[in-house]
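Source file: run_4.cif (mmCIF, N, CA and C atoms)
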```cif
data_final
#
loop_
_atom_site.label_atom_id
_atom_site.label_comp_id
_atom_site.auth_asym_id
_atom_site.auth_seq_id
_atom_site.Cartn_x
_atom_site.Cartn_y
_atom_site.Cartn_z
N MET A 645 114.64 101.44 103.67
CA MET A 645 113.74 102.25 102.87
C MET A 645 112.97 103.17 103.83
N ASN A 646 113.01 104.46 103.56
CA ASN A 646 112.33 105.39 104.46
C ASN A 646 110.84 105.49 104.13
N ALA A 647 110.10 106.16 104.99
CA ALA A 647 108.65 106.23 104.86
C ALA A 647 108.20 106.94 103.58
N THR A 648 108.92 108.00 103.20
CA THR A 648 108.54 108.74 102.00
C THR A 648 108.64 107.88 100.75
N SER A 649 109.71 107.13 100.62
CA SER A 649 109.86 106.29 99.44
C SER A 649 108.85 105.15 99.45
N GLN A 650 108.49 104.65 100.62
CA GLN A 650 107.45 103.61 100.70
C GLN A 650 106.10 104.17 100.26
N ILE A 651 105.81 105.39 100.67
CA ILE A 651 104.54 106.01 100.28
C ILE A 651 104.50 106.25 98.78
N VAL A 652 105.58 106.79 98.23
CA VAL A 652 105.64 107.05 96.78
C VAL A 652 105.50 105.74 96.01
N ARG A 653 106.19 104.71 96.46
CA ARG A 653 106.12 103.41 95.79
C ARG A 653 104.70 102.83 95.87
N GLY A 654 104.07 102.95 97.04
CA GLY A 654 102.70 102.45 97.20
C GLY A 654 101.70 103.19 96.33
N VAL A 655 101.83 104.51 96.28
CA VAL A 655 100.93 105.31 95.44
C VAL A 655 101.12 104.97 93.97
N ALA A 656 102.37 104.83 93.55
CA ALA A 656 102.64 104.50 92.15
C ALA A 656 102.08 103.12 91.80
N LEU A 657 102.22 102.17 92.70
CA LEU A 657 101.69 100.83 92.46
C LEU A 657 100.17 100.84 92.39
N GLU A 658 99.54 101.55 93.31
CA GLU A 658 98.09 101.64 93.32
C GLU A 658 97.57 102.35 92.06
N LEU A 659 98.22 103.42 91.67
CA LEU A 659 97.82 104.15 90.48
C LEU A 659 97.97 103.30 89.23
N THR A 660 99.07 102.57 89.12
CA THR A 660 99.28 101.68 87.97
C THR A 660 98.20 100.62 87.90
N GLY A 661 97.89 99.99 89.02
CA GLY A 661 96.85 98.97 89.04
C GLY A 661 95.49 99.53 88.67
N THR A 662 95.18 100.71 89.18
CA THR A 662 93.89 101.33 88.87
C THR A 662 93.78 101.69 87.40
N VAL A 663 94.85 102.26 86.84
CA VAL A 663 94.84 102.63 85.42
C VAL A 663 94.70 101.39 84.55
N LEU A 664 95.42 100.32 84.87
CA LEU A 664 95.32 99.08 84.09
C LEU A 664 93.92 98.49 84.17
N LEU A 665 93.34 98.46 85.36
CA LEU A 665 92.00 97.89 85.53
C LEU A 665 90.96 98.71 84.78
N ARG A 666 91.06 100.03 84.88
CA ARG A 666 90.12 100.89 84.16
C ARG A 666 90.32 100.80 82.65
N GLY A 667 91.57 100.67 82.22
CA GLY A 667 91.86 100.52 80.79
C GLY A 667 91.26 99.24 80.23
N LEU A 668 91.41 98.14 80.97
CA LEU A 668 90.81 96.87 80.54
C LEU A 668 89.29 96.97 80.50
N SER A 669 88.71 97.66 81.46
CA SER A 669 87.26 97.84 81.46
C SER A 669 86.81 98.66 80.25
N LEU A 670 87.57 99.68 79.91
CA LEU A 670 87.24 100.50 78.75
C LEU A 670 87.33 99.69 77.46
N VAL A 671 88.38 98.90 77.31
CA VAL A 671 88.53 98.06 76.12
C VAL A 671 87.37 97.07 76.03
N ARG A 672 87.02 96.45 77.15
CA ARG A 672 85.91 95.50 77.17
C ARG A 672 84.61 96.20 76.77
N LEU A 673 84.39 97.41 77.28
CA LEU A 673 83.18 98.18 76.96
C LEU A 673 83.11 98.50 75.47
N VAL A 674 84.21 98.94 74.89
CA VAL A 674 84.23 99.30 73.47
C VAL A 674 84.00 98.07 72.59
N VAL A 675 84.66 96.97 72.92
CA VAL A 675 84.51 95.75 72.12
C VAL A 675 83.08 95.23 72.19
N LEU A 676 82.52 95.19 73.39
CA LEU A 676 81.16 94.68 73.52
C LEU A 676 80.13 95.62 72.90
N ALA A 677 80.35 96.92 72.99
CA ALA A 677 79.44 97.87 72.35
C ALA A 677 79.46 97.69 70.83
N ARG A 678 80.60 97.33 70.32
CA ARG A 678 80.75 97.10 68.87
C ARG A 678 80.09 95.80 68.43
N LEU A 679 80.12 94.79 69.29
CA LEU A 679 79.59 93.47 68.94
C LEU A 679 78.08 93.34 69.14
N PHE A 680 77.55 94.03 70.15
CA PHE A 680 76.14 93.89 70.49
C PHE A 680 75.27 94.85 69.69
N ILE A 681 74.04 94.41 69.43
CA ILE A 681 73.03 95.33 68.93
C ILE A 681 72.48 96.06 70.16
N PRO A 682 71.78 97.17 69.99
CA PRO A 682 71.34 97.95 71.16
C PRO A 682 70.54 97.15 72.21
N GLU A 683 69.70 96.23 71.77
CA GLU A 683 68.92 95.45 72.73
C GLU A 683 69.82 94.55 73.57
N GLU A 684 70.83 93.98 72.95
CA GLU A 684 71.76 93.12 73.69
C GLU A 684 72.65 93.94 74.61
N TYR A 685 72.99 95.15 74.19
CA TYR A 685 73.83 96.00 75.02
C TYR A 685 73.08 96.41 76.30
N GLY A 686 71.78 96.53 76.22
CA GLY A 686 70.98 96.80 77.42
C GLY A 686 71.09 95.67 78.42
N GLY A 687 71.13 94.44 77.94
CA GLY A 687 71.33 93.29 78.83
C GLY A 687 72.70 93.33 79.48
N TYR A 688 73.71 93.75 78.72
CA TYR A 688 75.05 93.89 79.27
C TYR A 688 75.08 94.96 80.36
N SER A 689 74.40 96.07 80.11
CA SER A 689 74.33 97.13 81.12
C SER A 689 73.64 96.65 82.39
N THR A 690 72.59 95.87 82.23
CA THR A 690 71.91 95.28 83.39
C THR A 690 72.86 94.36 84.14
N GLY A 691 73.63 93.57 83.41
CA GLY A 691 74.60 92.68 84.04
C GLY A 691 75.66 93.44 84.82
N LEU A 692 76.10 94.57 84.27
CA LEU A 692 77.08 95.40 84.98
C LEU A 692 76.51 95.97 86.28
N ILE A 693 75.25 96.32 86.26
CA ILE A 693 74.62 96.82 87.48
C ILE A 693 74.57 95.72 88.54
N VAL A 694 74.17 94.53 88.14
CA VAL A 694 74.14 93.40 89.08
C VAL A 694 75.53 93.12 89.62
N LEU A 695 76.51 93.14 88.74
CA LEU A 695 77.89 92.88 89.15
C LEU A 695 78.41 93.95 90.10
N SER A 696 78.12 95.21 89.82
CA SER A 696 78.57 96.30 90.69
C SER A 696 77.96 96.19 92.08
N LEU A 697 76.69 95.87 92.16
CA LEU A 697 76.05 95.69 93.46
C LEU A 697 76.66 94.51 94.21
N ALA A 698 76.95 93.44 93.50
CA ALA A 698 77.53 92.26 94.14
C ALA A 698 78.95 92.53 94.63
N LEU A 699 79.71 93.31 93.89
CA LEU A 699 81.09 93.61 94.29
C LEU A 699 81.15 94.48 95.55
N LEU A 700 80.08 95.20 95.84
CA LEU A 700 80.04 95.95 97.09
C LEU A 700 80.15 95.02 98.28
N LEU A 701 79.60 93.81 98.14
CA LEU A 701 79.67 92.84 99.23
C LEU A 701 81.08 92.32 99.46
N VAL A 702 81.84 92.19 98.39
CA VAL A 702 83.18 91.62 98.51
C VAL A 702 84.17 92.61 99.11
N GLY A 703 84.19 93.82 98.60
CA GLY A 703 85.24 94.75 98.99
C GLY A 703 84.96 95.55 100.24
N GLY A 704 83.83 95.34 100.86
CA GLY A 704 83.42 96.17 101.97
C GLY A 704 84.45 96.45 103.04
N GLY A 705 85.02 95.44 103.64
CA GLY A 705 85.92 95.69 104.76
C GLY A 705 87.32 95.16 104.58
N ILE A 706 87.64 94.64 103.41
CA ILE A 706 88.94 94.01 103.23
C ILE A 706 90.07 95.02 103.18
N GLN A 707 89.91 96.08 102.41
CA GLN A 707 90.98 97.08 102.30
C GLN A 707 91.25 97.78 103.63
N PRO A 708 90.23 98.22 104.37
CA PRO A 708 90.53 98.80 105.69
C PRO A 708 91.21 97.81 106.62
N TYR A 709 90.86 96.51 106.48
CA TYR A 709 91.50 95.50 107.31
C TYR A 709 93.00 95.45 107.04
N VAL A 710 93.39 95.48 105.77
CA VAL A 710 94.81 95.42 105.43
C VAL A 710 95.55 96.63 105.99
N VAL A 711 94.94 97.79 105.90
CA VAL A 711 95.58 98.99 106.42
C VAL A 711 95.74 98.89 107.93
N LYS A 712 94.70 98.48 108.62
CA LYS A 712 94.75 98.39 110.08
C LYS A 712 95.67 97.27 110.54
N ALA A 713 95.58 96.12 109.91
CA ALA A 713 96.39 94.97 110.31
C ALA A 713 97.83 95.10 109.86
N GLY A 714 98.09 96.01 108.91
CA GLY A 714 99.44 96.20 108.42
C GLY A 714 100.41 96.62 109.50
N GLU A 715 99.88 97.19 110.58
CA GLU A 715 100.74 97.58 111.68
C GLU A 715 101.37 96.37 112.37
N ARG A 716 100.69 95.24 112.34
CA ARG A 716 101.19 94.03 113.00
C ARG A 716 102.09 93.21 112.10
N GLY A 717 101.99 93.39 110.83
CA GLY A 717 102.78 92.62 109.89
C GLY A 717 102.08 92.58 108.56
N PHE A 718 102.68 93.21 107.57
CA PHE A 718 102.02 93.36 106.28
C PHE A 718 101.83 92.02 105.57
N ALA A 719 102.84 91.16 105.60
CA ALA A 719 102.77 89.90 104.84
C ALA A 719 101.60 89.04 105.29
N ALA A 720 101.43 88.88 106.58
CA ALA A 720 100.35 88.03 107.08
C ALA A 720 98.99 88.64 106.76
N SER A 721 98.85 89.95 106.95
CA SER A 721 97.55 90.57 106.68
C SER A 721 97.25 90.59 105.18
N PHE A 722 98.29 90.75 104.36
CA PHE A 722 98.08 90.74 102.91
C PHE A 722 97.55 89.38 102.46
N TRP A 723 98.19 88.31 102.90
CA TRP A 723 97.76 86.98 102.45
C TRP A 723 96.38 86.63 103.00
N THR A 724 96.09 87.05 104.21
CA THR A 724 94.75 86.82 104.75
C THR A 724 93.71 87.53 103.90
N ALA A 725 93.96 88.79 103.60
CA ALA A 725 93.02 89.56 102.78
C ALA A 725 92.90 88.99 101.37
N PHE A 726 94.03 88.55 100.80
CA PHE A 726 94.00 87.99 99.44
C PHE A 726 93.16 86.72 99.39
N VAL A 727 93.37 85.83 100.35
CA VAL A 727 92.61 84.57 100.38
C VAL A 727 91.13 84.87 100.62
N LEU A 728 90.84 85.79 101.52
CA LEU A 728 89.46 86.15 101.81
C LEU A 728 88.78 86.76 100.58
N ALA A 729 89.45 87.71 99.93
CA ALA A 729 88.87 88.34 98.74
C ALA A 729 88.70 87.34 97.61
N SER A 730 89.67 86.45 97.43
CA SER A 730 89.57 85.44 96.37
C SER A 730 88.42 84.48 96.64
N GLY A 731 88.29 84.05 97.89
CA GLY A 731 87.19 83.15 98.25
C GLY A 731 85.84 83.81 98.07
N LEU A 732 85.71 85.04 98.56
CA LEU A 732 84.45 85.76 98.40
C LEU A 732 84.16 86.03 96.92
N GLY A 733 85.21 86.33 96.15
CA GLY A 733 85.02 86.54 94.71
C GLY A 733 84.55 85.28 94.01
N GLY A 734 85.09 84.15 94.40
CA GLY A 734 84.65 82.87 93.82
C GLY A 734 83.20 82.57 94.14
N VAL A 735 82.82 82.78 95.39
CA VAL A 735 81.42 82.56 95.79
C VAL A 735 80.51 83.55 95.05
N LEU A 736 80.95 84.79 94.97
CA LEU A 736 80.18 85.80 94.25
C LEU A 736 80.01 85.43 92.78
N ALA A 737 81.08 84.96 92.14
CA ALA A 737 81.00 84.56 90.74
C ALA A 737 79.98 83.43 90.56
N LEU A 738 80.00 82.47 91.47
CA LEU A 738 79.03 81.37 91.39
C LEU A 738 77.60 81.86 91.58
N LEU A 739 77.41 82.79 92.51
CA LEU A 739 76.07 83.35 92.73
C LEU A 739 75.57 84.14 91.53
N VAL A 740 76.47 84.88 90.88
CA VAL A 740 76.09 85.65 89.69
C VAL A 740 75.67 84.69 88.57
N VAL A 741 76.44 83.62 88.38
CA VAL A 741 76.10 82.63 87.34
C VAL A 741 74.78 81.95 87.68
N ALA A 742 74.60 81.56 88.94
CA ALA A 742 73.37 80.87 89.34
C ALA A 742 72.14 81.75 89.23
N SER A 743 72.30 83.06 89.48
CA SER A 743 71.15 83.96 89.40
C SER A 743 70.84 84.38 87.98
N GLY A 744 71.72 84.10 87.04
CA GLY A 744 71.52 84.51 85.65
C GLY A 744 70.21 84.08 85.04
N PRO A 745 69.89 82.78 85.07
CA PRO A 745 68.62 82.35 84.46
C PRO A 745 67.39 82.96 85.14
N LEU A 746 67.46 83.14 86.46
CA LEU A 746 66.31 83.74 87.17
C LEU A 746 66.12 85.20 86.77
N LEU A 747 67.22 85.94 86.72
CA LEU A 747 67.12 87.34 86.31
C LEU A 747 66.71 87.47 84.84
N ALA A 748 67.23 86.58 84.00
CA ALA A 748 66.87 86.62 82.57
C ALA A 748 65.37 86.39 82.39
N ARG A 749 64.84 85.44 83.14
CA ARG A 749 63.41 85.16 83.05
C ARG A 749 62.59 86.32 83.62
N ALA A 750 63.04 86.87 84.75
CA ALA A 750 62.29 87.96 85.40
C ALA A 750 62.29 89.22 84.55
N LEU A 751 63.39 89.50 83.86
CA LEU A 751 63.49 90.72 83.06
C LEU A 751 63.13 90.50 81.59
N GLY A 752 62.86 89.26 81.21
CA GLY A 752 62.45 88.97 79.84
C GLY A 752 63.57 89.13 78.83
N ASP A 753 64.81 88.91 79.25
CA ASP A 753 65.96 89.04 78.36
C ASP A 753 66.71 87.71 78.34
N PRO A 754 66.54 86.92 77.28
CA PRO A 754 67.17 85.59 77.25
C PRO A 754 68.70 85.63 77.21
N HIS A 755 69.29 86.74 76.77
CA HIS A 755 70.74 86.83 76.68
C HIS A 755 71.40 87.18 78.02
N LEU A 756 70.60 87.62 78.97
CA LEU A 756 71.16 88.10 80.24
C LEU A 756 71.88 86.99 81.00
N ALA A 757 71.41 85.77 80.93
CA ALA A 757 72.07 84.67 81.65
C ALA A 757 73.48 84.46 81.11
N VAL A 758 73.65 84.53 79.80
CA VAL A 758 74.98 84.36 79.20
C VAL A 758 75.88 85.53 79.56
N VAL A 759 75.32 86.74 79.52
CA VAL A 759 76.10 87.94 79.85
C VAL A 759 76.58 87.87 81.30
N LEU A 760 75.69 87.46 82.20
CA LEU A 760 76.09 87.35 83.61
C LEU A 760 77.14 86.27 83.82
N ALA A 761 77.06 85.19 83.07
CA ALA A 761 78.08 84.15 83.19
C ALA A 761 79.45 84.68 82.76
N ILE A 762 79.48 85.49 81.71
CA ILE A 762 80.74 86.08 81.26
C ILE A 762 81.24 87.11 82.27
N LEU A 763 80.33 87.91 82.79
CA LEU A 763 80.72 88.94 83.75
C LEU A 763 81.16 88.34 85.09
N ALA A 764 80.78 87.10 85.36
CA ALA A 764 81.21 86.47 86.60
C ALA A 764 82.74 86.37 86.67
N PHE A 765 83.39 86.19 85.52
CA PHE A 765 84.84 86.17 85.49
C PHE A 765 85.40 87.54 85.87
N ALA A 766 84.71 88.60 85.46
CA ALA A 766 85.14 89.95 85.85
C ALA A 766 84.99 90.15 87.35
N ALA A 767 83.96 89.55 87.94
CA ALA A 767 83.79 89.65 89.39
C ALA A 767 84.95 88.98 90.11
N LEU A 768 85.34 87.82 89.63
CA LEU A 768 86.46 87.11 90.25
C LEU A 768 87.75 87.90 90.07
N GLU A 769 87.96 88.44 88.88
CA GLU A 769 89.16 89.24 88.60
C GLU A 769 89.23 90.46 89.51
N THR A 770 88.11 91.15 89.65
CA THR A 770 88.07 92.35 90.48
C THR A 770 88.29 92.02 91.95
N ALA A 771 87.69 90.93 92.41
CA ALA A 771 87.87 90.54 93.82
C ALA A 771 89.31 90.19 94.12
N VAL A 772 89.97 89.51 93.21
CA VAL A 772 91.36 89.09 93.44
C VAL A 772 92.29 90.29 93.44
N THR A 773 91.99 91.30 92.65
CA THR A 773 92.88 92.45 92.54
C THR A 773 92.57 93.56 93.52
N MET A 774 91.64 93.34 94.44
CA MET A 774 91.31 94.38 95.43
C MET A 774 92.46 94.62 96.36
#
```

Kindly present the structure from the file in structure tokens form.
Amino acid sequence: MNATSQIVRGVALELTGTVLLRGLSLVRLVVLARLFIPEEYGGYSTGLIVLSLALLLVGGGIQPYVVKAGERGFAASFWTAFVLASGLGGVLALLVVASGPLLARALGDPHLAVVLAILAFAALETAVTM
């Protein structure tokens, strides 16, 4: 397989994954907007902000590592990055769930703890698919 076909295949795979992930996020957004009343949707938006900030910690250096380490052997660097991202995602999901009651109490929104617990699964999903 020559370099051009590898690049085209990689771009197509990355684009497909990105479109699927964004599509699932859009579906989740539409369904939750339909189910929540405006006050509850504000809690969901707050949860998304917390989740986005937390995901910055997970993805920070993993993707550049795979690109750099790919020169030595893609399979080994891929599995190292996958295990690292999955582990960090799991820890992040637990931290999001554990911080839920504290944030709910601090912001005066009793539903926020439940929303953060649900969004913790999205954190794990996003970390694994990085």

Quiz item: For A:Gly744, which residue out of A:Ala761, A:Leu657, A:Ala729, A:Leu692 is the nearest one, using all atoms listed in the file?
Solution: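 Smallest distance to A:Gly744 is found for A:Ala761.
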
Quiz item: Which of these, A:Ala677, A:Tyr688, A:Gln650, A:Leu659, has the shortest distance to A:His755 once you count all atoms listed in the file?
Solution: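 Closest candidate: A:Tyr688.
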
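For the choices A:Leu756, A:Ile693, A:Leu699, A:Leu665, the atom-to-atom distance to A:Val735 is smallest for A:Leu699 when using only C-alpha atoms.
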